[in-house]
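Just my_file-v1.cif here, mmCIF, C-alpha atoms:
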data_protein
#
loop_
_atom_site.label_atom_id
_atom_site.label_comp_id
_atom_site.auth_asym_id
_atom_site.auth_seq_id
_atom_site.Cartn_x
_atom_site.Cartn_y
_atom_site.Cartn_z
CA MET A 90 22.55 17.14 -22.34
CA LEU A 91 20.78 15.20 -19.63
CA LYS A 92 23.04 13.04 -17.47
CA VAL A 93 21.49 9.64 -16.85
CA GLU A 94 22.78 6.87 -14.59
CA VAL A 95 21.28 3.45 -15.14
CA TYR A 96 21.57 0.32 -13.00
CA ARG A 97 23.14 -2.39 -15.11
CA TYR A 98 23.48 -6.06 -14.32
CA ASN A 99 23.79 -9.02 -16.62
CA PRO A 100 24.27 -12.14 -14.44
CA GLU A 101 25.87 -13.97 -17.38
CA THR A 102 28.73 -11.49 -17.77
CA ASP A 103 28.82 -9.20 -14.68
CA LYS A 104 30.12 -10.22 -11.27
CA ALA A 105 28.12 -7.46 -9.57
CA PRO A 106 25.63 -4.78 -10.53
CA TYR A 107 27.02 -1.35 -11.45
CA MET A 108 25.78 2.10 -12.47
CA LYS A 109 26.46 3.15 -16.05
CA SER A 110 26.42 6.80 -17.15
CA TYR A 111 24.86 8.07 -20.35
CA GLU A 112 24.29 11.47 -21.87
CA VAL A 113 21.01 12.04 -23.64
CA ASP A 114 19.92 14.97 -25.76
CA THR A 115 16.22 15.56 -25.13
CA GLN A 116 16.33 18.73 -27.28
CA GLY A 117 14.92 20.68 -24.37
CA LYS A 118 11.65 18.76 -24.43
CA ASP A 119 9.94 17.56 -21.25
CA VAL A 120 9.74 13.93 -22.34
CA MET A 121 8.83 10.91 -20.23
CA VAL A 122 11.47 8.78 -18.49
CA LEU A 123 10.52 5.89 -20.79
CA ASP A 124 11.40 8.05 -23.81
CA VAL A 125 14.82 8.71 -22.28
CA LEU A 126 15.35 4.96 -21.86
CA GLY A 127 14.42 4.56 -25.53
CA MET A 128 17.09 7.13 -26.47
CA ILE A 129 19.64 5.25 -24.35
CA LYS A 130 18.69 2.01 -26.07
CA GLU A 131 19.56 3.65 -29.39
CA GLN A 132 23.09 4.27 -28.00
CA ASP A 133 23.40 0.94 -26.17
CA GLU A 134 21.07 -1.79 -27.28
CA SER A 135 22.15 -4.15 -24.50
CA LEU A 136 19.98 -2.26 -21.97
CA ALA A 137 16.99 -4.35 -20.83
CA TYR A 138 13.72 -3.03 -19.42
CA ARG A 139 10.04 -3.91 -19.62
CA ARG A 140 7.50 -1.72 -21.37
CA SER A 141 4.33 -2.23 -23.31
CA CYS A 142 1.43 0.23 -23.51
CA ARG A 143 3.52 3.36 -22.80
CA GLU A 144 0.53 5.14 -21.28
CA GLY A 145 0.28 3.98 -17.67
CA VAL A 146 -2.25 1.20 -18.21
CA CYS A 147 -0.28 -2.05 -18.43
CA GLY A 148 2.01 -1.57 -15.42
CA SER A 149 5.10 -3.06 -17.09
CA ASP A 150 7.61 -0.26 -16.63
CA GLY A 151 7.57 0.24 -12.86
CA MET A 152 11.06 1.32 -11.79
CA ASN A 153 12.89 3.42 -9.24
CA ILE A 154 13.33 6.90 -10.73
CA ASN A 155 15.58 9.31 -8.81
CA GLY A 156 14.81 7.32 -5.66
CA VAL A 157 11.03 7.15 -6.12
CA ASN A 158 9.10 4.21 -7.55
CA GLY A 159 6.92 5.07 -10.51
CA LEU A 160 5.91 4.19 -14.05
CA ALA A 161 8.56 5.45 -16.50
CA CYS A 162 5.96 6.03 -19.22
CA ILE A 163 3.88 8.57 -17.28
CA THR A 164 6.69 10.25 -15.31
CA PRO A 165 7.82 13.44 -17.08
CA LEU A 166 11.41 14.57 -16.55
CA SER A 167 10.19 17.87 -15.07
CA GLN A 168 8.61 15.92 -12.21
CA VAL A 169 11.75 14.06 -11.12
CA VAL A 170 14.92 15.60 -12.55
CA LYS A 171 16.91 17.98 -10.37
CA LYS A 172 20.32 19.40 -11.32
CA ASN A 173 20.05 17.81 -14.77
CA LYS A 174 20.56 14.29 -13.43
CA LEU A 175 18.37 11.20 -13.74
CA VAL A 176 19.10 7.97 -11.85
CA VAL A 177 17.16 4.87 -12.85
CA ARG A 178 17.22 1.63 -10.87
CA PRO A 179 15.01 -1.48 -10.83
CA LEU A 180 12.16 -1.64 -8.29
CA PRO A 181 13.80 -2.40 -4.93
CA GLY A 182 13.41 -5.58 -2.88
CA LEU A 183 12.86 -8.20 -5.58
CA PRO A 184 15.56 -10.23 -7.38
CA VAL A 185 16.98 -8.65 -10.54
CA ILE A 186 16.87 -10.77 -13.70
CA ARG A 187 18.78 -8.26 -15.79
CA ASP A 188 19.26 -4.46 -15.71
CA LEU A 189 15.83 -2.96 -14.89
CA VAL A 190 13.94 -6.25 -15.22
CA ILE A 191 12.97 -7.83 -11.88
CA ASP A 192 11.66 -11.27 -10.98
CA MET A 193 8.10 -10.64 -9.77
CA THR A 194 7.33 -14.23 -8.71
CA GLN A 195 7.05 -13.37 -5.00
CA PHE A 196 4.73 -10.47 -5.82
CA TYR A 197 2.43 -12.66 -7.92
CA ASP A 198 2.53 -15.49 -5.35
CA GLN A 199 1.10 -13.10 -2.75
CA TYR A 200 -1.53 -11.89 -5.22
CA LYS A 201 -2.51 -15.53 -5.88
CA LYS A 202 -2.98 -16.15 -2.15
CA ILE A 203 -5.88 -13.72 -1.87
CA GLU A 204 -7.82 -15.64 -4.58
CA PRO A 205 -8.39 -12.61 -6.82
CA TYR A 206 -11.61 -13.71 -8.46
CA LEU A 207 -15.30 -13.51 -7.64
CA GLN A 208 -16.56 -16.47 -5.63
CA ASN A 209 -20.28 -17.07 -5.67
CA ASP A 210 -21.96 -20.47 -5.28
CA SER A 211 -25.54 -19.28 -5.79
CA PRO A 212 -27.16 -20.40 -9.06
CA ALA A 213 -26.40 -17.88 -11.77
CA PRO A 214 -29.40 -15.70 -12.67
CA ALA A 215 -30.62 -15.47 -16.25
CA ILE A 216 -29.07 -12.01 -16.49
CA GLU A 217 -25.92 -10.60 -14.86
CA ARG A 218 -25.50 -10.57 -11.08
CA LEU A 219 -26.72 -7.04 -10.52
CA GLN A 220 -25.32 -4.51 -8.07
CA SER A 221 -26.86 -1.33 -6.72
CA PRO A 222 -25.00 1.85 -7.72
CA GLU A 223 -24.00 2.22 -4.02
CA ASP A 224 -22.49 -1.28 -3.90
CA ARG A 225 -20.70 -0.67 -7.18
CA ALA A 226 -19.27 2.58 -5.80
CA LYS A 227 -17.55 0.59 -3.04
CA LEU A 228 -15.19 -0.86 -5.66
CA ASP A 229 -13.96 2.56 -6.77
CA GLY A 230 -10.38 3.16 -5.73
CA LEU A 231 -9.80 -0.62 -5.66
CA TYR A 232 -10.42 -2.06 -9.11
CA GLU A 233 -8.14 0.45 -10.84
CA CYS A 234 -4.94 -1.28 -9.62
CA ILE A 235 -2.73 -2.38 -12.53
CA LEU A 236 -0.35 -4.55 -10.42
CA CYS A 237 2.75 -2.57 -11.38
CA ALA A 238 4.30 -3.43 -7.97
CA CYS A 239 5.46 0.15 -7.28
CA CYS A 240 3.72 0.04 -3.88
CA SER A 241 4.73 -3.42 -2.62
CA THR A 242 8.38 -2.92 -3.60
CA ASN A 243 8.38 0.38 -1.69
CA CYS A 244 7.09 -1.25 1.52
CA PRO A 245 9.67 -2.12 4.22
CA SER A 246 7.40 -4.85 5.62
CA PHE A 247 7.31 -6.43 2.17
CA TRP A 248 11.11 -6.13 1.85
CA TRP A 249 11.61 -8.15 5.06
CA ASN A 250 8.81 -10.70 4.58
CA PRO A 251 7.90 -10.97 0.88
CA ASP A 252 7.06 -14.64 1.46
CA LYS A 253 4.63 -14.03 4.34
CA PHE A 254 3.24 -10.48 4.13
CA ILE A 255 0.77 -10.10 1.27
CA GLY A 256 1.85 -6.51 0.64
CA PRO A 257 -0.16 -3.41 -0.29
CA ALA A 258 -1.02 -4.45 -3.86
CA GLY A 259 -2.35 -7.86 -2.82
CA LEU A 260 -4.24 -6.43 0.15
CA LEU A 261 -5.88 -3.72 -1.95
CA GLN A 262 -7.20 -6.53 -4.17
CA ALA A 263 -8.15 -8.64 -1.13
CA TYR A 264 -10.38 -5.78 -0.02
CA ARG A 265 -11.69 -5.33 -3.57
CA PHE A 266 -13.26 -8.82 -3.27
CA LEU A 267 -14.25 -8.44 0.40
CA ALA A 268 -16.12 -5.26 -0.52
CA ASP A 269 -17.87 -6.79 -3.54
CA SER A 270 -21.57 -7.38 -2.84
CA ARG A 271 -21.59 -10.28 -5.32
CA ASP A 272 -18.84 -12.23 -3.56
CA GLU A 273 -19.96 -14.89 -1.06
CA ALA A 274 -16.59 -16.03 0.28
CA THR A 275 -16.17 -13.16 2.77
CA GLU A 276 -15.78 -15.38 5.84
CA LYS A 277 -13.30 -17.70 4.17
CA ARG A 278 -11.32 -14.74 2.86
CA LEU A 279 -11.18 -13.13 6.31
CA SER A 280 -10.13 -16.34 8.06
CA ASN A 281 -7.25 -16.66 5.58
CA LEU A 282 -5.99 -13.21 6.58
CA ASP A 283 -6.12 -13.43 10.38
CA ASP A 284 -2.52 -14.44 11.02
CA PRO A 285 0.25 -12.14 12.31
CA PHE A 286 1.84 -11.70 8.86
CA SER A 287 -0.63 -11.54 5.95
CA VAL A 288 -2.32 -8.26 6.93
CA PHE A 289 -0.89 -7.30 10.29
CA ARG A 290 2.67 -6.75 9.07
CA CYS A 291 1.36 -3.46 7.75
CA HIS A 292 2.54 -0.81 10.20
CA GLY A 293 0.87 2.07 8.40
CA ILE A 294 4.09 3.49 6.94
CA GLN A 295 2.10 4.58 3.85
CA ASN A 296 5.01 4.35 1.41
CA CYS A 297 2.49 2.56 -0.82
CA VAL A 298 0.15 5.55 -0.85
CA ALA A 299 3.04 7.92 -1.59
CA VAL A 300 4.07 6.16 -4.80
CA CYS A 301 0.94 4.60 -6.34
CA PRO A 302 0.92 5.88 -9.97
CA LYS A 303 -2.87 5.49 -10.05
CA GLY A 304 -3.38 7.52 -6.87
CA LEU A 305 -4.87 4.58 -4.93
CA ASN A 306 -4.74 4.13 -1.15
CA PRO A 307 -3.77 0.60 -0.03
CA THR A 308 -3.36 1.73 3.59
CA ARG A 309 -7.03 2.70 3.75
CA ALA A 310 -8.05 -0.65 2.23
CA ILE A 311 -5.91 -2.47 4.83
CA GLY A 312 -7.67 -0.42 7.53
CA HIS A 313 -11.04 -1.63 6.17
CA ILE A 314 -9.82 -5.26 6.24
CA ARG A 315 -8.78 -4.80 9.90
CA THR A 316 -12.19 -3.40 10.74
CA MET A 317 -13.91 -6.33 9.03
CA LEU A 318 -11.72 -8.79 10.97
CA LEU A 319 -12.53 -6.93 14.18
CA GLN A 320 -16.25 -7.01 13.45
CA SER A 321 -16.30 -10.73 12.69
CA ALA A 322 -14.00 -11.88 15.51
CA THR A 323 -14.90 -9.87 18.60
CA MET B 267 -2.69 -18.04 6.12
CA VAL B 268 0.81 -18.03 7.62
CA THR B 269 1.37 -20.23 10.67
CA ALA B 270 3.07 -18.60 13.65
CA VAL B 271 3.36 -20.08 17.14
CA THR B 272 5.62 -17.65 18.98
CA ASN B 273 3.53 -14.50 18.70
CA LEU B 274 1.46 -13.58 21.76
CA GLY B 275 -2.03 -14.75 20.81
CA ARG B 276 -1.64 -16.98 17.68
CA SER B 277 -3.82 -14.51 15.78
CA GLY B 278 -2.72 -11.30 14.12
CA LEU B 279 -5.93 -9.55 15.09
CA TYR B 280 -5.53 -10.53 18.76
CA ASP B 281 -1.97 -9.19 18.89
CA TRP B 282 -3.01 -6.02 17.09
CA LEU B 283 -5.88 -5.42 19.54
CA ILE B 284 -3.74 -6.13 22.63
CA GLN B 285 -1.02 -3.83 21.28
CA ARG B 286 -3.51 -0.95 21.05
CA ALA B 287 -5.24 -1.67 24.38
CA SER B 288 -1.91 -1.93 26.22
CA ALA B 289 -0.78 1.34 24.62
CA LEU B 290 -3.86 3.05 26.08
CA VAL B 291 -3.11 1.68 29.57
CA LEU B 292 0.52 2.81 29.30
CA THR B 293 -0.56 6.30 28.22
CA ALA B 294 -3.06 6.57 31.08
CA TYR B 295 -0.50 5.45 33.68
CA THR B 296 2.20 7.80 32.35
CA LEU B 297 -0.21 10.76 32.42
CA PHE B 298 -1.43 9.87 35.92
CA ILE B 299 2.02 9.41 37.51
CA THR B 300 3.39 12.55 35.82
CA ALA B 301 0.40 14.61 36.98
CA TYR B 302 0.61 13.15 40.51
CA ILE B 303 4.29 14.07 40.85
CA LEU B 304 3.77 17.55 39.34
CA PHE B 305 0.80 18.36 41.57
CA THR B 306 2.45 17.02 44.73
CA PRO B 307 5.51 19.28 44.99
CA ASP B 308 6.71 18.17 48.45
CA LEU B 309 6.21 14.49 47.89
CA THR B 310 7.18 12.43 50.93
CA TYR B 311 7.84 8.71 51.32
CA ASP B 312 4.69 8.34 53.43
CA GLN B 313 2.50 9.91 50.71
CA TRP B 314 4.11 7.72 48.05
CA GLN B 315 3.58 4.61 50.20
CA ALA B 316 -0.01 5.60 50.92
CA LEU B 317 -0.66 5.97 47.20
CA PHE B 318 0.69 2.50 46.46
CA GLY B 319 -1.06 1.07 49.56
CA GLN B 320 -4.43 1.53 47.88
CA LEU B 321 -5.91 -1.45 46.07
CA TRP B 322 -6.91 0.45 42.92
CA MET B 323 -3.35 1.84 42.55
CA ARG B 324 -1.85 -1.64 42.91
CA ILE B 325 -4.23 -3.00 40.28
CA PHE B 326 -3.54 -0.02 37.98
CA THR B 327 0.22 -0.54 38.41
CA LEU B 328 0.03 -4.29 37.84
CA LEU B 329 -2.13 -3.73 34.76
CA THR B 330 0.52 -1.30 33.49
CA LEU B 331 3.30 -3.80 34.16
CA LEU B 332 1.42 -6.52 32.26
CA SER B 333 0.77 -4.01 29.46
CA ILE B 334 4.49 -3.21 29.20
CA VAL B 335 5.37 -6.90 29.01
CA THR B 336 2.74 -7.79 26.38
CA HIS B 337 3.38 -4.59 24.41
CA ALA B 338 7.13 -5.34 24.39
CA TRP B 339 6.56 -8.97 23.38
CA ILE B 340 4.31 -8.09 20.43
CA GLY B 341 6.54 -5.21 19.27
CA LEU B 342 9.87 -6.99 19.62
CA TRP B 343 8.44 -10.19 18.15
CA SER B 344 7.66 -8.14 15.03
CA VAL B 345 11.18 -6.72 14.96
CA LEU B 346 12.80 -10.14 15.44
CA THR B 347 10.68 -11.77 12.72
CA ASP B 348 11.61 -8.90 10.39
CA TYR B 349 15.38 -9.03 10.80
CA LEU B 350 16.36 -12.47 12.14
CA THR B 351 14.95 -14.69 9.43
CA GLU B 352 15.90 -17.81 7.54
CA ARG B 353 15.35 -15.87 4.31
CA LEU B 354 18.04 -13.33 5.19
CA MET B 355 20.64 -15.48 6.97
CA GLY B 356 19.83 -19.14 6.48
CA PHE B 357 19.18 -21.58 9.32
CA LYS B 358 21.32 -19.38 11.58
CA GLY B 359 18.43 -16.90 11.47
CA THR B 360 16.01 -19.40 13.01
CA ILE B 361 18.45 -20.28 15.82
CA MET B 362 19.21 -16.62 16.59
CA ARG B 363 15.52 -15.71 16.50
CA LEU B 364 14.57 -18.51 18.91
CA LEU B 365 17.43 -17.57 21.26
CA ALA B 366 16.38 -13.90 21.20
CA GLN B 367 12.74 -14.86 21.78
CA GLY B 368 13.78 -17.12 24.68
CA LEU B 369 15.79 -14.29 26.23
CA LEU B 370 12.87 -11.92 25.76
CA ALA B 371 10.51 -14.43 27.42
CA LEU B 372 12.91 -14.79 30.36
CA VAL B 373 13.11 -11.03 30.85
CA ALA B 374 9.32 -10.71 30.53
CA VAL B 375 8.58 -13.39 33.13
CA THR B 376 11.27 -12.02 35.48
CA TYR B 377 9.89 -8.49 35.34
CA THR B 378 6.32 -9.73 35.83
CA LEU B 379 7.09 -11.84 38.93
CA TRP B 380 9.51 -9.28 40.37
CA GLY B 381 6.97 -6.53 39.74
CA VAL B 382 4.21 -8.47 41.54
CA GLU B 383 6.56 -8.92 44.51
CA ILE B 384 7.33 -5.19 44.60
CA ILE B 385 3.71 -4.05 44.21
CA TRP B 386 2.21 -6.51 46.70
CA GLY B 387 5.22 -7.29 48.84
CA PHE B 388 5.55 -4.26 51.07
#
How would this structure read if it were set down as structure tokens?
Amino acid sequence: MLKVEVYRYNPETDKAPYMKSYEVDTQGKDVMVLDVLGMIKEQDESLAYRRSCREGVCGSDGMNINGVNGLACITPLSQVVKKNKLVVRPLPGLPVIRDLVIDMTQFYDQYKKIEPYLQNDSPAPAIERLQSPEDRAKLDGLYECILCACCSTNCPSFWWNPDKFIGPAGLLQAYRFLADSRDEATEKRLSNLDDPFSVFRCHGIQNCVAVCPKGLNPTRAIGHIRTMLLQSAT
Amino acid sequence: MVTAVTNLGRSGLYDWLIQRASALVLTAYTLFITAYILFTPDLTYDQWQALFGQLWMRIFTLLTLLSIVTHAWIGLWSVLTDYLTERLMGFKGTIMRLLAQGLLALVAVTYTLWGVEIIWGF
């Protein structure tokens, strides 16, 4: 029997959050953490968590699993469980709505700030706005982000200043549009980032790189943004 | 764009660049002084005074002093705006942060002026 501890908090009935223990029979199978949560829900239907695609595409079930942020649906027990114990908590740093469900408003507000859409004032051509294969390749490692928030909620700079620092997820997307050959708002985008908080609160801790379930590298993208700022301002 | 008026240069890029440049100066000065002391085993007061009597050494030392002060301001400003914030402790955070920044400014100015007096005053 696998021992599982789950962070529980229902603001309507609980004074404070607490850890609740469960025992789950996985029948010796190396199932995903999300499957274990499903088995717990069969025992205790009051447990709340987000999930949708269950295959690491939608980014709904980001949570803190044995101390490491990750997607429950693509994290097998063999990867995280030691001494037959699994501890599941909500992603750290953001307000908890209930149990494993967090309020991601601050995360989305930062994403909104970087204007995550293509800006191009030139008249649209009769066909698509074409890109060379080389220009298209610049977007690899950027566009794959699913906004699960595992990285930003693992970043100490984001914990202290979630209202001012854009955070790794937002900055990865900021660079995705700065690097896009079809986007014409590069200067405006850069001037919106040149304050001491938005980009420069990143101290290169690389917690974001360590946990990204898609294997992306926000620290490198932030480095590229710094270089672009340096090129345009010196 | 987040407005900030108490950081060194009003721009994040400027602070970032100064932080790196000042770190290089500090490294160079540390290496130089350490090497000088190691390779001058019987260092006398006269030798030490002669070293600091040269113009280039005074400029190098003053540059290092200014680097320490700016490096400390940028670094500690980051620490203060991380931990002493309105978000974490209400309006008290703003008061404590401004007091700490004022104290830091006082120390920085004192060390700069005192340092100039020491370097050029003998």
Write out as a tab-separated table a residue-level contact list of chain A versus chain B with cut-off 7 Å: for each qualifying residue the closest pair of atoms and the distance in Å to one decimal, counting all atoms listed in the file, rows sorted by chain and residue number upward.
residue	atom	partner	partner_atom	distance
A:Trp249	CA	B:Asp348	CA	5.4
A:Asn250	CA	B:Asp348	CA	6.7
A:Lys253	CA	B:Val268	CA	6.4
A:Asn281	CA	B:Met267	CA	4.8
A:Leu282	CA	B:Met267	CA	5.9
A:Asp283	CA	B:Gly278	CA	5.5
A:Asp284	CA	B:Gly278	CA	4.4
A:Pro285	CA	B:Gly278	CA	3.6
A:Phe286	CA	B:Val268	CA	6.5
A:Ser287	CA	B:Met267	CA	6.8
A:Phe289	CA	B:Gly278	CA	5.8
Write the residues you've just listed into a file as a tab-separated table (two decimals), keeping the file's coordinate frame, and include C-alpha atoms for each of them.
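Saved file out-v6.tsv follows:
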chain	number	residue	atom	x	y	z
A	249	TRP	CA	11.61	-8.15	5.06
A	250	ASN	CA	8.81	-10.70	4.58
A	253	LYS	CA	4.63	-14.03	4.34
A	281	ASN	CA	-7.25	-16.66	5.58
A	282	LEU	CA	-5.99	-13.21	6.58
A	283	ASP	CA	-6.12	-13.43	10.38
A	284	ASP	CA	-2.52	-14.44	11.02
A	285	PRO	CA	0.25	-12.14	12.31
A	286	PHE	CA	1.84	-11.70	8.86
A	287	SER	CA	-0.63	-11.54	5.95
A	289	PHE	CA	-0.89	-7.30	10.29
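Closest approach to B:Val375 from the set B:Phe326, B:Tyr295, B:Phe357, B:Trp339 is made by B:Trp339, with distances taken over only C-alpha atoms.
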Taken to one decimal, the atom CA of A:Glu94-atom CA of A:Met108 distance is 6.0 Å
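If you look at atom CA of B:Ile284 and atom CA of A:Ala263, they are 24.3 Å away from each other.
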Selection dump of the PyMOL selection byres ((chain A and resi 231) around 8), as a PyMOL selection string:
chain A and resi 228-230+232-234+261-262+264-265+305
For the atom pair atom CA of A:Lys172 and atom CA of A:Val157, what is the interatomic distance in Å to one decimal place?
16.2 Å
If the PyMOL selection byres ((chain A and resi 98) around 8) were run on this exact file, what residues would it hold? Put them as a PyMOL selection string.
chain A and resi 96-97+99-100+103+105-107+185+187-188
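Closest approach to B:Gln285 among B:Thr360, B:Thr378, B:Thr272, B:Thr336 is made by B:Thr336 (distances from all atoms listed in the file).
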I would like the residues chosen by the PyMOL selection byres ((chain B and resi 335) around 10) on the shown file; could you give them as an MDAnalysis selection string?
chainID B and resid 288 329:334 336:341 370:371 373:375 377:378
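The shortest atom-to-atom distance to A:Ala226, with all atoms listed in the file taken into account, belongs to A:Ser270 out of A:Gln132, A:Ser270, A:Gln168, A:Ser321.
With all atoms listed in the file as the atoms that count, the residue of A:Pro302, A:Phe196, A:Gly117, A:Arg218 with the shortest distance to A:Met152 is A:Pro302.
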Mind listing as a PDB file with C-alpha atoms, keeping the file's coordinate frame all residues within 9 Å of (11.1, 7.7, -18.3), counting only C-alpha atoms?
ATOM      1  CA  VAL A 120       9.740  13.930 -22.340  1.00  0.00           C
ATOM      2  CA  MET A 121       8.830  10.910 -20.230  1.00  0.00           C
ATOM      3  CA  VAL A 122      11.470   8.780 -18.490  1.00  0.00           C
ATOM      4  CA  LEU A 123      10.520   5.890 -20.790  1.00  0.00           C
ATOM      5  CA  ASP A 124      11.400   8.050 -23.810  1.00  0.00           C
ATOM      6  CA  VAL A 125      14.820   8.710 -22.280  1.00  0.00           C
ATOM      7  CA  LEU A 126      15.350   4.960 -21.860  1.00  0.00           C
ATOM      8  CA  GLY A 127      14.420   4.560 -25.530  1.00  0.00           C
ATOM      9  CA  ASP A 150       7.610  -0.260 -16.630  1.00  0.00           C
ATOM     10  CA  ILE A 154      13.330   6.900 -10.730  1.00  0.00           C
ATOM     11  CA  LEU A 160       5.910   4.190 -14.050  1.00  0.00           C
ATOM     12  CA  ALA A 161       8.560   5.450 -16.500  1.00  0.00           C
ATOM     13  CA  CYS A 162       5.960   6.030 -19.220  1.00  0.00           C
ATOM     14  CA  ILE A 163       3.880   8.570 -17.280  1.00  0.00           C
ATOM     15  CA  THR A 164       6.690  10.250 -15.310  1.00  0.00           C
ATOM     16  CA  PRO A 165       7.820  13.440 -17.080  1.00  0.00           C
ATOM     17  CA  LEU A 166      11.410  14.570 -16.550  1.00  0.00           C
ATOM     18  CA  VAL A 177      17.160   4.870 -12.850  1.00  0.00           C
TER      19      VAL A 177
END
Near A:Thr194, within 12 Å and counting only C-alpha atoms, which residues show up once chain neighbours fewer than 5 positions away are dropped, as JSON, numbers by chain?
{"A": [183, 184, 185, 186, 199, 200, 201, 238, 251, 252]}
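Each of A:Val300, A:Ile294, A:Val93, A:Leu267 was checked against A:Leu175 using all atoms listed in the file; the smallest atom-to-atom distance is that of A:Val93.
Counting all atoms listed in the file, B:Ile361 has the following residues at most 12 Å away, ignoring those fewer than 3 positions along the same chain: Leu346, Thr347, Leu350, Thr351, Glu352, Met355, Gly356, Phe357, Lys358, Leu364, Leu365, Ala366, Gln367 and Gly368 of chain B.
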Please provide as a PyMOL selection string all residues within 12 Å of B:Gly387, with the sequence filter that same-chain residues fewer than 3 positions apart are discarded (counting all atoms listed in the file).
chain B and resi 318-319+324+379-384
Considering only C-alpha atoms, return as a list of chain:residue names whatever protein or nucleic-acid residues lie within 9 Å of A:Asp224, sequence-local ones (same chain, fewer than 3 positions apart) excluded.
A:Gln220, A:Ser221, A:Lys227, A:Leu228, A:Ala268, A:Asp269, A:Ser270
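Comparing the minimum interatomic distances between B:Leu292 and each of B:Met362, B:Val345, B:Leu328, B:Ile385, counting all atoms listed in the file, we find that B:Leu328 sits nearest.
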